[in-house]
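J.: Below is a structure I'd like to ask you about.
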Amino acid sequence: MLRIDAFFRQTRANLQQGLAFWGGELRSLTSQEIRILESQNNLCENWGQLQVSTDFTPLRIAGNRFEGRVVLGRLETPCGLFRSTLIEAEVGPGTTIDQNSFLRRCWIEGPSTVLNSRVDCTQASSFGLGRKILVGPETGGRWIPTSDDLSLESAQVKVNSPQALQAAEDLAQSIKSPFSYVGPNCFLVNLGQADGVFLAGNVEVRGCAQIENSFVTAEPENPACLGAGVCLRSCLVQAGVHLDTFALAENSVFLEFSGGSDHVRLSESMIGPNTHLSSGEVHSCFLGPFVGMHHQSLLISCWWPQGRGNLGYGANVGSNHTSRAPDQEIRPGEGMFFGLDCAVKFPADFSESPYSLVATGVVTESQRMELPFSLLLEGSGNQQPAPGLTRVIPGWVLAENFYMVWRNETKFQKRNRLSTSSWDLRVLRPEIVDKLWKAREALAERAGKEVYTQQDICVIGRNYLLESDRKKAVLTYHNFTLYSALRFFAEKTYRIRDYDPAWLQGLFQRLGLDFSDRIGLLKAFLAHETALWESARASKQKDDRRGAQIFDDWEQFWPRGAEDEVLLAKEKELQEWKVRILGN
């Protein structure tokens with residue numbers, strides 16, 4: 001990836017030596033070249049201010065107007081410069097420029113194409129670098145400095161770091177330039193206005209409305225694409241990003257392979273890899289990978305670096321300042337799902353509740369909940385201890401919808417376009433399993449009531465828990481901790497994955513497992529894996545029966561459970577385990 005500081009060091013060295021910004025030697029026009037240019041309807045009040053490369057030819061330059069100091073490289077078929085206005089601009093070799101009403105104070109390096117666009121630099125710009133992004137409380141307090149090398153991991157390290165801020169500000173000062181830059185392999189067509197921009201490394205701009213004070217870089221095999229109606233102000237855009245259909249963003253960062261579309265509005269936010277947002281509003285958020293937001297919804301003041309979650313239509317994850325200052329935030333757990341028309345009151349911390357669901361229409365109170373894979377649903381009946389409290393069913397996803405866990409893993413693997421990532425895309429990983437056991441211990445410690453509140457068991461948050469749900473959750477958390485331990489042992493035995501021996505042995509001790517009983521442990525794992533697959537298949541078959549009762553043409557248009565790609569993949573994996581363990 002092009003480092004912007006190295007680019008400007010070289011460019012300034014070139015200019016100090018009297019060269020073009022790209023390093024080519026320059027000369028003045030000959031009288032014959034001036035006559036040819038004028039005969040081709042080019043206008044210039046002072047041809048002495050136009051400098052050209054030593055191998056310049058005027059044949060592919062027609063219908064243009066030049067003002068101030070203009071530098072041109074060699075343009076030969078199929079390249080050329082036509083019907084455009086250039087003011088204090090430099091155009092490198094191999095460039096195609098046509099029908100541009102205004103190209104002022106910009107460097108354009110070939111091979112690149114600029115058609116029917118406006119590129120300017122009205123004031124010296126650092127292209128949006130060296131700024132603070134306020135993620136979390138909208139009043140400030142948590143910020144990330146922007147630099148050209150940001151990643152999901154480095155951004156978390158740089159939070160509120162004076163050293164990182166100083167380095168970013170130093171970078172911004174060192175690159176501050178009175179010129180915009182359009183680099184090699186960029187393609188700009190119908191760009192309404194670009195002002196103070198740095199575009200480099202295969203950037204495609206088609207019908208974009210505005211790019212202001214922004215830094216956009218990509219790679220030859222992974223272009224950054226900015227489409228119809230997009231507006232960017234003080235943004236950083238990385239390789240593989242796709243923004244389209246009137247996406248609006250201000251003071252935000254789009255990390256690799258993220259994107260936005262369909263009138264989505266963003267400000268003061270960092271968008272992680274493989275996350276795509278559309279239609280809704282996102283403000284002061286740090287979103288990790290694989291977050292889905294495809295409908296009209298609201299997400300503000302959200303610290304969600306683990307990502308992998310989803311927002312349904314009408315989800316209002318942003319009730320943070322009714323008559324108060326916007327100084328609160330939410331921390332969702334990894335893989336959390338906010339259902340249709342739910343409302344989440346701030347402050348809220350669900351970071352210890354990964355893969356939990358907020359059901360349709362639920363209004364949650366401000367709280368800290370530490371129950372993984374749970375379901376929050378509207379409270380009702382005589383057992384609701386107080387009006388407005390929601391009911392929590394801990395471990396519901398594992399007990400009743402484990403297919404969702406497998407589907408998420410399949411979805412993450414299919415959608416991951418970041419070839420260099422070291423992410424573990426499994427749901428039940430060691431750090432998640434530790435949360436299961438922690439929740440199990442917290443629930444197992446208390447018994448003897450029909451209904452529990454936060455005063456009884458602090459980890460349930462401002463919700464209520466039925467005794468029947470508590471008993472089932474203790475068993476569910478235990479069983480899936482056991483299943484995970486057995487799977488980790490099998491993967492370690494067959495060298496599929498490695499695990500910290502001390503951690504795994506400690507987990508075995510908590511579960512009362514004999515680490516030396518290799519055959520018994522492997523057969524126990526196979527039994528658990530088989531039971532889970534059969535349960536998931538039964539769940540899909542139930543869906544098939546219900547669908548067939550409602551729709552006459554269900555079997556014609558809906559894939560049956562036996563054809564489900566997730567179940568088929570898991571069945572194949574199960575057969576592979578049987579061969580490893582049983583030898584048949």
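Residue numbering restarts at 1 for every chain of the structure tokens, chains are lettered A, B, ... in their displayed order, and ligands are numbered from 1 as they appear.
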List as a compact mmCIF listing (two decimals) with N, CA and C atoms, in the first residue's frame the protein and nucleic acid residues near A:Asp500, meaning an atom at most 12 Å away when only C-alpha atoms are counted, but skip any in the same chain fewer than 5 places from it.
T.:
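Now in out17.txt:
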# COMPACT_ATOMS: atom_id res chain seq x y z
N PRO A 430 -12.55 -20.37 22.57
CA PRO A 430 -12.21 -20.40 24.00
C PRO A 430 -12.71 -19.19 24.79
N GLU A 431 -12.55 -17.97 24.26
CA GLU A 431 -12.99 -16.81 25.02
C GLU A 431 -14.50 -16.76 25.20
N PHE A 488 -12.68 -29.12 21.37
CA PHE A 488 -11.31 -28.61 21.42
C PHE A 488 -10.31 -29.76 21.57
N PHE A 489 -10.67 -30.75 22.41
CA PHE A 489 -9.79 -31.90 22.62
C PHE A 489 -9.62 -32.69 21.32
N LYS A 492 -7.49 -30.73 18.86
CA LYS A 492 -6.08 -30.77 19.27
C LYS A 492 -5.49 -32.15 19.01
N GLN A 505 -6.69 -27.97 30.04
CA GLN A 505 -6.70 -28.88 31.19
C GLN A 505 -7.51 -28.29 32.34
N GLY A 506 -7.42 -26.97 32.53
CA GLY A 506 -8.23 -26.33 33.56
C GLY A 506 -9.71 -26.45 33.27
N LEU A 507 -10.08 -26.32 31.99
CA LEU A 507 -11.47 -26.49 31.60
C LEU A 507 -11.94 -27.92 31.88
J.: For stretch 61-68 of chain A, work out the shell of residues within 10 Å, counting only C-alpha atoms and skipping chain neighbours fewer than 6 positions away, then give it as JSON, numbers by chain.
T.: {"A": [36, 37, 38, 39, 40, 41, 42, 43, 44, 45, 46, 47, 48, 49, 50, 75, 76, 79, 80, 81, 82, 83, 84, 85, 86, 87, 88, 89, 97, 98, 99, 100, 101, 102, 103, 104, 105]}
J.: Within 6 Å of A:Ser297, counting only C-alpha atoms, which residues qualify if same-chain residues fewer than 6 places away don't, as a list in words?
T.: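 So the residues in contact are Gly280, Tyr313, Gly314 and Ala315 of chain A.
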J.: Near A:Gln384, counting only C-alpha atoms, which residues have an atom at most 10 Å away, once you skip same-chain residues fewer than 6 positions from it, shown as a list in words?
T.: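 Here the qualifying residues turn out to be Glu378, Thr390, Arg391, Val451, Tyr452, Thr453, Asn463, Tyr464, Leu465 and Leu466 of chain A.
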J.: Would you save the residues from that selection as a PDB file, in the first residue's frame, using N, CA and C atoms?
T.:
ATOM      1  N   GLU A 378     -40.468  -9.379  25.721  1.00  0.00           N
ATOM      2  CA  GLU A 378     -41.371  -8.541  26.502  1.00  0.00           C
ATOM      3  C   GLU A 378     -41.924  -9.305  27.701  1.00  0.00           C
ATOM      4  N   THR A 390     -38.135  -6.499  31.213  1.00  0.00           N
ATOM      5  CA  THR A 390     -38.154  -7.537  30.190  1.00  0.00           C
ATOM      6  C   THR A 390     -37.739  -8.875  30.797  1.00  0.00           C
ATOM      7  N   ARG A 391     -38.191  -9.922  30.153  1.00  0.00           N
ATOM      8  CA  ARG A 391     -37.846 -11.276  30.599  1.00  0.00           C
ATOM      9  C   ARG A 391     -36.595 -11.736  29.861  1.00  0.00           C
ATOM     10  N   VAL A 451     -39.094 -16.211  40.862  1.00  0.00           N
ATOM     11  CA  VAL A 451     -38.727 -15.128  39.963  1.00  0.00           C
ATOM     12  C   VAL A 451     -37.538 -14.387  40.567  1.00  0.00           C
ATOM     13  N   TYR A 452     -36.545 -14.069  39.718  1.00  0.00           N
ATOM     14  CA  TYR A 452     -35.348 -13.367  40.170  1.00  0.00           C
ATOM     15  C   TYR A 452     -35.239 -12.019  39.452  1.00  0.00           C
ATOM     16  N   THR A 453     -34.674 -11.043  40.176  1.00  0.00           N
ATOM     17  CA  THR A 453     -34.358  -9.755  39.577  1.00  0.00           C
ATOM     18  C   THR A 453     -32.866  -9.482  39.781  1.00  0.00           C
ATOM     19  N   ASN A 463     -33.682  -7.012  34.176  1.00  0.00           N
ATOM     20  CA  ASN A 463     -34.644  -7.929  33.588  1.00  0.00           C
ATOM     21  C   ASN A 463     -35.111  -8.850  34.701  1.00  0.00           C
ATOM     22  N   TYR A 464     -36.022  -9.749  34.395  1.00  0.00           N
ATOM     23  CA  TYR A 464     -36.371 -10.763  35.389  1.00  0.00           C
ATOM     24  C   TYR A 464     -36.187 -12.149  34.799  1.00  0.00           C
ATOM     25  N   LEU A 465     -35.919 -13.092  35.688  1.00  0.00           N
ATOM     26  CA  LEU A 465     -35.579 -14.461  35.306  1.00  0.00           C
ATOM     27  C   LEU A 465     -36.467 -15.437  36.068  1.00  0.00           C
ATOM     28  N   LEU A 466     -37.123 -16.325  35.347  1.00  0.00           N
ATOM     29  CA  LEU A 466     -37.946 -17.357  35.978  1.00  0.00           C
ATOM     30  C   LEU A 466     -37.068 -18.506  36.446  1.00  0.00           C
TER      31      LEU A 466
END
J.: Could you name the residues that touch A:Gln328 at 10 Å or less, counting only C-alpha atoms, but leaving out those on the same chain fewer than 5 positions away, as a ChimeraX atom specification?
T.: /A:136-140,300-302,318-321,345-348
J.: Based on DSSP run over this structure's backbone, return all residues of stretch 399-533 of chain A in alpha helix (DSSP H), as a PyMOL selection string.
T.: chain A and resi 399-400+402-415+430-444+467-493+501-511+518-533
J.: Excluding A:Arg487 and residues on its chain fewer than 2 positions from it, collect all residues at most 12 Å away from it, counting only C-alpha atoms, and give them as a PyMOL selection string.
T.: chain A and resi 428-430+433+480-485+489-499+504+508+521-529+574+577
J.: Filtering to C-alpha atoms, could you give me those residues as a compact mmCIF listing (two decimals), in the first residue's frame?
T.:
# COMPACT_ATOMS: atom_id res chain seq x y z
CA LEU A 428 -17.75 -21.24 20.19
CA ARG A 429 -14.13 -20.19 20.71
CA PRO A 430 -12.21 -20.40 24.00
CA VAL A 433 -16.68 -20.66 26.23
CA PHE A 480 -22.27 -26.51 25.73
CA THR A 481 -19.14 -25.89 27.78
CA LEU A 482 -18.75 -29.67 27.86
CA TYR A 483 -19.40 -29.98 24.12
CA SER A 484 -16.85 -27.24 23.39
CA ALA A 485 -14.22 -28.83 25.63
CA PHE A 489 -9.79 -31.90 22.62
CA ALA A 490 -10.68 -33.63 19.34
CA GLU A 491 -9.28 -30.78 17.25
CA LYS A 492 -6.08 -30.77 19.27
CA THR A 493 -5.79 -34.57 19.08
CA TYR A 494 -6.02 -34.56 15.28
CA ARG A 495 -3.91 -31.37 14.97
CA ILE A 496 -6.70 -29.41 13.37
CA ARG A 497 -6.23 -26.57 15.87
CA ASP A 498 -3.96 -25.98 18.79
CA TYR A 499 -5.03 -24.82 22.23
CA LEU A 504 -7.73 -26.76 28.22
CA PHE A 508 -11.42 -30.29 31.85
CA LEU A 521 -13.48 -38.32 25.13
CA LEU A 522 -13.44 -38.61 21.34
CA LYS A 523 -16.51 -40.86 21.32
CA ALA A 524 -18.29 -38.49 23.69
CA PHE A 525 -17.54 -35.58 21.35
CA LEU A 526 -18.86 -37.54 18.37
CA ALA A 527 -22.08 -38.29 20.26
CA HIS A 528 -22.57 -34.60 21.08
CA GLU A 529 -21.83 -33.53 17.50
CA LEU A 574 -19.76 -35.02 10.84
CA TRP A 577 -15.21 -36.91 12.22
J.: Mind running stretch 118-216 of chain A against stretch 19-27 of chain A at 12 Å and telling me each contacting residue's nearest atom pair with the distance in Å (one decimal), counting only C-alpha atoms, chain and number ascending, as CSV?
T.:
residue,atom,partner,partner_atom,distance
A:Phe179,CA,A:Phe21,CA,10.7
A:Tyr181,CA,A:Phe21,CA,10.4
A:Val182,CA,A:Trp22,CA,11.7
A:Gly183,CA,A:Trp22,CA,10.1
A:Pro184,CA,A:Trp22,CA,10.8
J.: Can I get the selected residues back with C-alpha atoms, as a PDB file, in the first residue's frame?
T.:
ATOM      1  CA  PHE A 179      -2.883  20.217  -4.299  1.00  0.00           C
ATOM      2  CA  TYR A 181      -3.954  14.114  -5.975  1.00  0.00           C
ATOM      3  CA  VAL A 182      -5.425  11.564  -8.382  1.00  0.00           C
ATOM      4  CA  GLY A 183      -3.073   8.599  -8.657  1.00  0.00           C
ATOM      5  CA  PRO A 184      -2.403   5.809 -11.163  1.00  0.00           C
TER       6      PRO A 184
END
J.: Excluding A:Leu72 and residues on its chain fewer than 5 positions from it, collect all residues at most 8 Å away from it, counting only C-alpha atoms, and give them as a PyMOL selection string.
T.: chain A and resi 50-53+56+90-93
J.: Could you work out how far atom CA of A:Cys225 lies from atom CA of A:Gly260, giving the answer in Å with one decimal?
T.: 10.7 Å
J.: Using only C-alpha atoms, pick whichever of A:Leu418, A:Leu340, A:Leu129, A:Leu568 has the shortest atom-to-atom distance to A:Gly240.
T.: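 Looking only at the distances to A:Gly240, the closest residue turns out to be A:Leu418.
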